[in-house]
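Structure first, commentary second.
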Amino acid sequence: MERALRSISSPTNQKLGSPTNPRFASPKSKKKSRESMANKATDESVKVAIRIRPLGSNSSNENLTRAFRAGNNSVIEDSKKEYNYDNVFGEDADTTQIYSELVKDIVSSVSNDGLNGTIFTYGQTSSGKTFTMQGIHETEGLIQYAGRDIFKTIEQQMDANSESAVKVSYVEIYNEELRDLLSDKRKSNPSSLVIREDRKGIIAIENLKQVAVRNLDQLMQVFRVGEANKSMGSTKMNDRSSRSHAILQITVEKKTTFNAPSEDCSDEKENNELASPKKNSYVVKTSSTLNLVDLAGSESVRLTGATGQQKKEGGMINQR
């Protein structure tokens with residue numbers, strides 16, 4: 001499982017004076033803010049982790065042996081070759097452990113620090129990517145754990161000087177087309193969405209539907225609507241195979257009013273965008289997004305038995 005840890009680029013629609021732009025911090029806090037940002041920059045990275053899934057119910061042949069086993073943050077092949085990764089989770093590891101050790105700090109950076117973060121699940125078809133991302137039946141996935149922590153953080157930080165909102169969007173990349181899984185017009189007109197960059201350098205998807213949610217239950221309801229619209233199929237390797245790459249975006253928007261020291265009044269007067277009706281105060285707005293990406297599994301036509309449209313889909317999936 002692959003993860004991209006915290007984008008250090010400015011969050012979408014971020015305003016001047018946000019935690020990642022300490023221009024309007026008080027003189028005493030400017031040095032501290034710059035040091036904090038420098039420390040965060042050194043933590044930015046892409047980390048790769050492996051989750052080894054148990055043999056499935058269709059692999060119960062007693063003559064089968066495991067070619068790979070988990071070592072100390074490594075995968076050992078036939079007890080000879082060893083491959084090192086940032087994290088390796090063996091067959092006995094559950095998704096709770098993976099979330100705590102690998103994902104939780106990314107979610108915290110989104111909900112607390114106003115930074116973007118991305119989680120990828122990547123691998124062969126039927127390797128457990130979707131199980132890890134969204135769980136099954138009573139077993140929760142990374143989506144549920146992340147959503148719960150985001151709303152918990154918002155509740156803990158709620159006070160008279162702050163406002164927060166959470167919005168959800170869900171898209172799929174099917175045969176190289178970007179589709180909105182939450183659009184009311186999707187079934188009648190499943191047209192491809194367009195990605196553009198505006199004059200401020202912000203990259204966004206045109207006409208993408210975002211749904212405001214107030215708790216985990218509402219988030220999961222929206223997610224299930226998108227899942228019902230996602231392109232799925234059945235192959236010899238997987239009874240329920242994703243035929244597209246799916247991206248669930250959870251955006252956290254915050255607006256906080258701070259009381260500024262008297263020496264910052266000049267800054268406030270010079271910048272109407274930040275000025276507040278209250279004397280000696282300023283407003284900080286941030287928008288940060290957690291991207292949860294469930295990539296469709298790479299396929300071998302020889303093993304999946306795909307023909308026709310499914311063969312075309314598999315070819316597109318393998319191009320990523």
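Please note that chains go A, B, ... in the order of the structure tokens, that every chain numbers its residues from 1, and that ligands are numbered from 1 in the order shown.
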
Long-range neighbours of range 178-180 of chain A as a PyMOL selection string, 6 Å cut-off, only C-alpha atoms, 5 positions minimum in chain: chain A and resi 171-173+192-193

Nearest residue to Leu55 in chain A from the set A:Asn73, A:Ser79, A:Ser126, A:Thr121 (distances using only C-alpha atoms):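 Nearest candidate to Leu55 in chain A out of A:Asn73, A:Ser79, A:Ser126, A:Thr121: A:Ser126.
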
List the spatial neighbours of Asp86 in chain A as a list in words - criterion: any atom at most 8 Å away, only C-alpha atoms, same-chain residues fewer than 2 positions off excluded. Lys47, Val48, Ala49, Asn73, Asn84 and Val88 of chain A

So, with only C-alpha atoms as the atoms that count, which of A:Ala228, A:Ala165, A:Leu182, A:Leu102 lies closest to Gln210 in chain A? A:Leu182
